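J.: If you scroll down you'll find the structure; I have some questions about it.
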Amino acid sequence: MLAKSNKKQLLKTVALILLFGLWPLLFSSSLLAEDKDPFAEPATSGTDDFSETEPAAGTTDAFADTGDTPLKAARSLEWTGFLEIEQGSHIGKSSVVDKQWVLSNRRFRLATQSNTDMGSVFLKADFIEDSVARESRVDLREARVVVTPIQQMDLSIGKQVNTWGVADMLFINDLFPKNWISNFLGRDMESMKDAANSFRLTGYLGNLVLDVVYHPEFAPDTTPTGCRLSVYNPNSQTLVANSSSCGSSYRYVNQPGETNGETAVRLKFQLGSYELAAYTYSGYFKNPKGLQRANNSGSGTGETGLVAGQTAGYTTLMAYYPKLQVQGASLEGQLGPGIMTFETGLYQSLEDKDGENPLIENGKWKYLLGYRMDLTAHLGVGAQWYQEQMLQYDAYEKAVGTYFPQTYEYRRKERQNTYTLRLTVKAQQETLWINLFRYQRPEDRDAFTKLDITKRLNDSLEMVVGTNVFEGEDHYEDREFGMLKNDDNLFARVKYNF
Amino acid sequence: MKSLIVALFAVLVSFTAFAESADDVVRKANLAAYYPGDDGSAQLLMKVYRKGSEKPISKLFYMLRKDLAEGGEQLFFTYFVRPSDIKRTTFLVKKYIDADDFRRLYIPASDKILAIAGSRKQDPFMGSDFSYEDVSGRHFSKDNHSMEGEETYNNRAVFITESVPKVREDKIARMKAWIDKETYIPLKVEFYNHDNQVYKVYESGSIQTVSGFPTIMKRTMTSPLEGTRTEILVNPKKVQYNIGLDEELFSERSLKNPPMKYLN
């Protein structure tokens, strides 16, 4: 049964769907009016030496029938975008977060670009009405300038999305901000990456590509806070809800007084059809992998301030982002009928180098092997094996035993494996896509399965339905997916592109 | 006995001459359809008609091409304009003759360069009735060709050739082509499966001469067994040859920062 407020919201959504449903009609007719088919005029270059001798080789004017399409030629400045309705609901009733709807957005996007001899400007903004957070906001997805100061170099400055690395939905050397909430709620794949202010310099020299990305401000991942999805509270050692965290401005505590940015560098080398890359990153853990006492001034992070055996009730712990340094490498290329991927990274936890502080994540050695291929024209499969090996594991075990003896039995393993499987079905001339992705993590005793079905109805309209299912076990609630074991959800999206 | 040998020899010679000419015709058709000029650019509109529907799903894109060797390696760069949700998506293909293609797709919304295996050349190109190979060109060296005759097709004098893959393939058992005698443009190709059914029919429509090169302004691929078809139309105002495209344009750099001066 829907609560009264939910009913209201449902009505509102239906009304908006109707409103948006009419709007495209108006818009498409205006498009058609200005859209004198770009192909309609006869060729100016060359003479048509077939027009007389061979009238039957095709229709005499091949472009006469293109007037019915809303497609039009690219102009130097044009606006594109979409209207999207996103709805997502808990399956059953979450025992932690007391919300039926976890996703309820009306999203309006406007995007444009301008290209000149000097460079290009890109703008992309989402105007969002969010009924769960009860707010309207503007999400600037892209606002950047691209220039080529010297022949071998491109410079991209402004708000932008950056991506690299070769893995599928696992990230070792890609330490650019990701939006895990979007992924867990079933939003568009594009929303998996958050945009952030950065300078990106890319240099090209033969088969070498050098990228340097600098974020003047640390840009963390967007992770569950307890608003839509439950979150693990290290103080009570239980899953909790936190309705005060719903606004878009909510952030975990960062390190007090810490204003340093992040720098990520990649050097990529192309070797035949293979691409070999080396990476380095200097910044912070993208998830709040550290805890500090609420009144901690930020100094003396090496000292825990904990008393053995009575931590939980003794002091209030707040999550924050400790310093991190990463060096890594990747290799990608065709092997047999598919694409092989390999990626590795050494995570150095700078605030807990010897691993003795139980409140800060230890360093890790991460590596991944993957393979994906199309079995038929309509079925693609991909599988990955990913392992994280904890550094200074003895110190970690000892610290957990000393400060958190009650959770010692459920402590992390030295090697944590993740297996992923992807199945993609493309049907009806690629207007129907079915996508299944599963993470399975035996040592963390959790799993996450996402299924989505996308149907393209015409040039403009697209519908998506899907579900996110999480598995977890008691006493493993602090794990990434185990934390969400009460948050299985269903979602649907309707999108009108213009 | 002697006359029999002579007769056999004559048959053998004529057969050989015939076979050579079929090879020649198909090679010239391949060059005319896929290798005009040293390079080229075109704005293309692809219309995919689903079964029982006359409302197509359309994609508007630019394609840049550079030939590294006449009848050999080629580079392709595709830049999508419409629909708007894939605008700025780019696709780079390096077509090799004796090896799998090198393919990279760039998704601008998430700044992701995706490696795509180049082995499945018969898979649909962007969900259309055209395969990757139909778009970039099936190399003539992959098949044995024979001359099946000559006739008039759509008021044009044509050769009729038959091509059978040298190495057995899953989909194509043989192809029958109607090749224009004057321009060597293939006007029609029938693709037969192993059950001897025509599973795809290619047709060239409205051929125009652009900068001296006969250009197929409309390509249609029909799949009679599926009830679907796809049209690829060339914008007559946006097709050029020999524009001096640099080999360096066909690189990762262009995927992310496309050479816009060739794309409008």
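Each chain in the structure tokens gets a letter, A, B and so on, in the order shown; residues start at 1 in every chain, and ligands are counted from 1 in the order they appear.
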Using only C-alpha atoms, find each residue in chain B having at least one atom no more than 6 Å away from chain A; report its shortest atom-to-atom pair and that distance in Å (one decimal), rows by chain then rising number, as a Markdown table.
T.:
| residue | atom | partner | partner_atom | distance |
| --- | --- | --- | --- | --- |
| B:Ile57 | CA | A:Asp459 | CA | 5.4 |
| B:Ala109 | CA | A:Glu190 | CA | 5.8 |
| B:Ser110 | CA | A:Glu190 | CA | 5.4 |
| B:Asp111 | CA | A:Thr163 | CA | 5.4 |
| B:Lys112 | CA | A:Thr163 | CA | 5.8 |
| B:Ala117 | CA | A:Gly338 | CA | 5.4 |
| B:Ser119 | CA | A:Pro337 | CA | 5.9 |
| B:Asp123 | CA | A:Ala377 | CA | 5.2 |
| B:Gly127 | CA | A:Gln429 | CA | 4.5 |
| B:Asn154 | CA | A:Ala56 | CA | 5.6 |
| B:Asn155 | CA | A:Glu54 | CA | 5.9 |
| B:Gly205 | CA | A:Gly58 | CA | 3.9 |
| B:Ser206 | CA | A:Gly58 | CA | 5.4 |
| B:Gln208 | CA | A:Asp48 | CA | 4.6 |
| B:Thr209 | CA | A:Gly46 | CA | 5.3 |
| B:Val210 | CA | A:Gly46 | CA | 4.7 |
| B:Ser211 | CA | A:Gly46 | CA | 5.8 |
| B:Asn235 | CA | A:Phe39 | CA | 5.0 |
| B:Pro236 | CA | A:Ala43 | CA | 4.8 |
| B:Lys237 | CA | A:Ala43 | CA | 5.9 |
J.: Skipping near chain neighbours, those fewer than 6 positions away, what residues fall within 7 Å of Glu162 of chain B using only C-alpha atoms, listed as JSON, numbers by chain?
T.: {"B": [145, 146, 147, 148, 174, 175, 176, 177]}
J.: Grab the atom CA of Lys171 of chain B to atom CA of Arg219 of chain B distance for me, in Å with one decimal place.
T.: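 Going from atom CA of Lys171 of chain B over to atom CA of Arg219 of chain B covers 20.7 Å.
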J.: Measure the distance from atom CA of Asp246 of chain B to atom CA of Tyr34 of chain B in Å and round it to one decimal.
T.: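 We find that atom CA of Asp246 of chain B and atom CA of Tyr34 of chain B lie 18.5 Å from each other.
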J.: Measuring atom to atom with only C-alpha atoms, identify which of B:Pro186, B:Met221, B:Asp143, B:Ala32 is nearest to Val198 of chain B.
T.: B:Met221
J.: Just want the 9 Å neighbourhood of Leu249 of chain B, counted on only C-alpha atoms, with same-chain residues fewer than 3 positions away dropped. Output as number ranges by chain.
T.: B: 77, 245-246, 252-254, 258-259
J.: Would you kindly return, as a compact mmCIF listing (two decimals) with C-alpha atoms, in the first residue's frame, each protein, DNA or RNA residue with an atom no farther than 8 Å from any atom of Ser128 of chain B, considering only C-alpha atoms and excluding same-chain residues fewer than 5 positions away?
T.:
# COMPACT_ATOMS: atom_id res chain seq x y z
CA GLN A 429 17.94 -4.16 -34.65
CA VAL B 48 16.91 1.45 -40.18
CA ARG B 229 15.88 -2.98 -44.39
CA THR B 230 18.40 -0.18 -44.03
J.: For Thr344 of chain A, which of A:Arg445, A:Lys450, A:Lys366, A:Lys413 is the closest residue, counting only C-alpha atoms?
T.: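 For Thr344 of chain A, the nearest of the candidates is A:Lys366.
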J.: Please measure the separation of atom CA of Trp385 of chain A and atom CA of Val326 of chain A, giving the value in Å to one decimal.
T.: 20.2 Å
J.: From the list A:Lys159, A:Lys178, A:Arg107, A:Arg187, which residue is nearest Pro216 of chain A when using only C-alpha atoms?
T.: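 Looking at the shortest contact to Pro216 of chain A, the residue is A:Lys159.
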J.: Once DSSP has gone over the backbone, tell me which residues of segment 103-245 of chain B are in strand (DSSP E or B), as a ChimeraX atom specification.
T.: /B:103-107,112-116,124,131,143-153,156-165,174-180,186-192,198-210,213-223,228-241
J.: If we count only C-alpha atoms, what is near Asp487 of chain A at a cut-off of 12 Å, once residues fewer than 6 positions away on the same chain are taken out, given as JSON, numbers by chain?
T.: {"A": [88, 89, 90, 91, 92, 93, 94, 95, 96, 97, 98, 99, 100, 101, 102, 181, 184, 185, 224, 226, 227, 228, 229, 230, 231, 239, 240, 241, 448, 467, 468, 469, 470, 471, 472, 481]}
J.: For the selection you just gave me, I'd like the residues written to a file as a short mmCIF file (atom, residue, chain, number, x, y, z; two decimals), in the first residue's frame, keeping C-alpha atoms.
T.:
data_model
loop_
_atom_site.label_atom_id
_atom_site.label_comp_id
_atom_site.auth_asym_id
_atom_site.auth_seq_id
_atom_site.Cartn_x
_atom_site.Cartn_y
_atom_site.Cartn_z
CA GLY A 88 12.72 3.95 -8.34
CA SER A 89 11.15 2.08 -5.46
CA HIS A 90 12.32 -0.19 -2.69
CA ILE A 91 11.14 -3.74 -3.18
CA GLY A 92 9.03 -4.54 -0.17
CA LYS A 93 9.77 -2.36 2.78
CA SER A 94 13.29 -1.48 3.71
CA SER A 95 13.88 -2.31 7.34
CA VAL A 96 16.29 0.57 7.70
CA VAL A 97 15.46 3.42 5.34
CA ASP A 98 11.76 4.15 5.75
CA LYS A 99 11.13 5.24 2.17
CA GLN A 100 9.16 3.55 -0.56
CA TRP A 101 10.45 5.80 -3.34
CA VAL A 102 14.23 6.02 -3.49
CA ILE A 181 24.23 6.07 -5.46
CA PHE A 184 22.70 1.51 -6.99
CA LEU A 185 19.43 3.26 -7.83
CA PRO A 224 25.30 6.04 0.31
CA GLY A 226 21.45 6.83 4.75
CA CYS A 227 18.93 8.94 2.85
CA ARG A 228 17.81 6.61 0.05
CA LEU A 229 20.04 3.67 0.89
CA SER A 230 21.12 2.49 4.31
CA VAL A 231 24.60 3.20 5.60
CA LEU A 239 22.89 -0.18 9.46
CA VAL A 240 21.16 3.16 9.90
CA ALA A 241 19.06 5.68 8.03
CA PHE A 448 25.19 -7.10 -6.31
CA THR A 467 16.21 -3.87 -10.81
CA ASN A 468 19.11 -3.78 -8.35
CA VAL A 469 19.44 -6.69 -5.96
CA PHE A 470 21.92 -6.78 -3.08
CA GLU A 471 23.02 -9.72 -1.00
CA GLY A 472 24.77 -9.58 2.33
CA PHE A 481 27.10 -4.33 -1.03
#
J.: Determine the nearest neighbour of Ile160 of chain B from the options B:Lys188, B:Lys261, B:Arg138, B:Lys121, counting only C-alpha atoms.
T.: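 The shortest atom-to-atom distance to Ile160 of chain B comes from B:Lys188.
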J.: Skipping near chain neighbours, those fewer than 4 positions away, what residues fall within 12 Å of segment 190-195 of chain B using only C-alpha atoms, listed as a PyMOL selection string?
T.: chain B and resi 122+130-131+134+160-165+168-179+186+199-203+220-225
J.: Since we have the selection now, will you write its residues out, keeping C-alpha atoms, as a CSV table (one decimal), in the first residue's frame?
T.:
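Everything below was put into out19.csv:
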chain,number,residue,atom,x,y,z
B,122,GLN,CA,29.6,-9.9,-40.3
B,130,PHE,CA,24.6,-3.6,-43.1
B,131,SER,CA,27.4,-5.5,-41.5
B,134,ASP,CA,29.4,-4.2,-45.9
B,160,ILE,CA,27.2,-10.9,-63.3
B,161,THR,CA,29.7,-12.5,-61.0
B,162,GLU,CA,29.6,-15.1,-58.3
B,163,SER,CA,31.9,-15.1,-55.3
B,164,VAL,CA,32.4,-18.0,-52.9
B,165,PRO,CA,34.4,-17.5,-49.7
B,168,ARG,CA,33.9,-21.4,-45.1
B,169,GLU,CA,32.0,-18.7,-43.3
B,170,ASP,CA,29.0,-19.0,-41.0
B,171,LYS,CA,26.7,-16.6,-42.8
B,172,ILE,CA,27.9,-16.2,-46.4
B,173,ALA,CA,27.7,-19.2,-48.7
B,174,ARG,CA,28.0,-17.2,-51.9
B,175,MET,CA,27.4,-13.8,-53.3
B,176,LYS,CA,26.0,-12.9,-56.7
B,177,ALA,CA,26.8,-9.4,-58.0
B,178,TRP,CA,25.5,-7.2,-60.9
B,179,ILE,CA,28.5,-4.9,-61.7
B,186,PRO,CA,28.1,-3.0,-58.0
B,199,TYR,CA,19.2,-13.5,-46.8
B,200,LYS,CA,20.4,-10.0,-47.8
B,201,VAL,CA,20.1,-8.0,-51.0
B,202,TYR,CA,22.2,-4.9,-51.5
B,203,GLU,CA,21.2,-2.3,-54.1
B,220,THR,CA,19.9,-0.1,-49.5
B,221,MET,CA,20.3,-3.4,-47.7
B,222,THR,CA,17.2,-5.6,-47.4
B,223,SER,CA,16.9,-8.7,-45.3
B,224,PRO,CA,14.0,-10.6,-46.8
B,225,LEU,CA,14.1,-13.3,-44.2
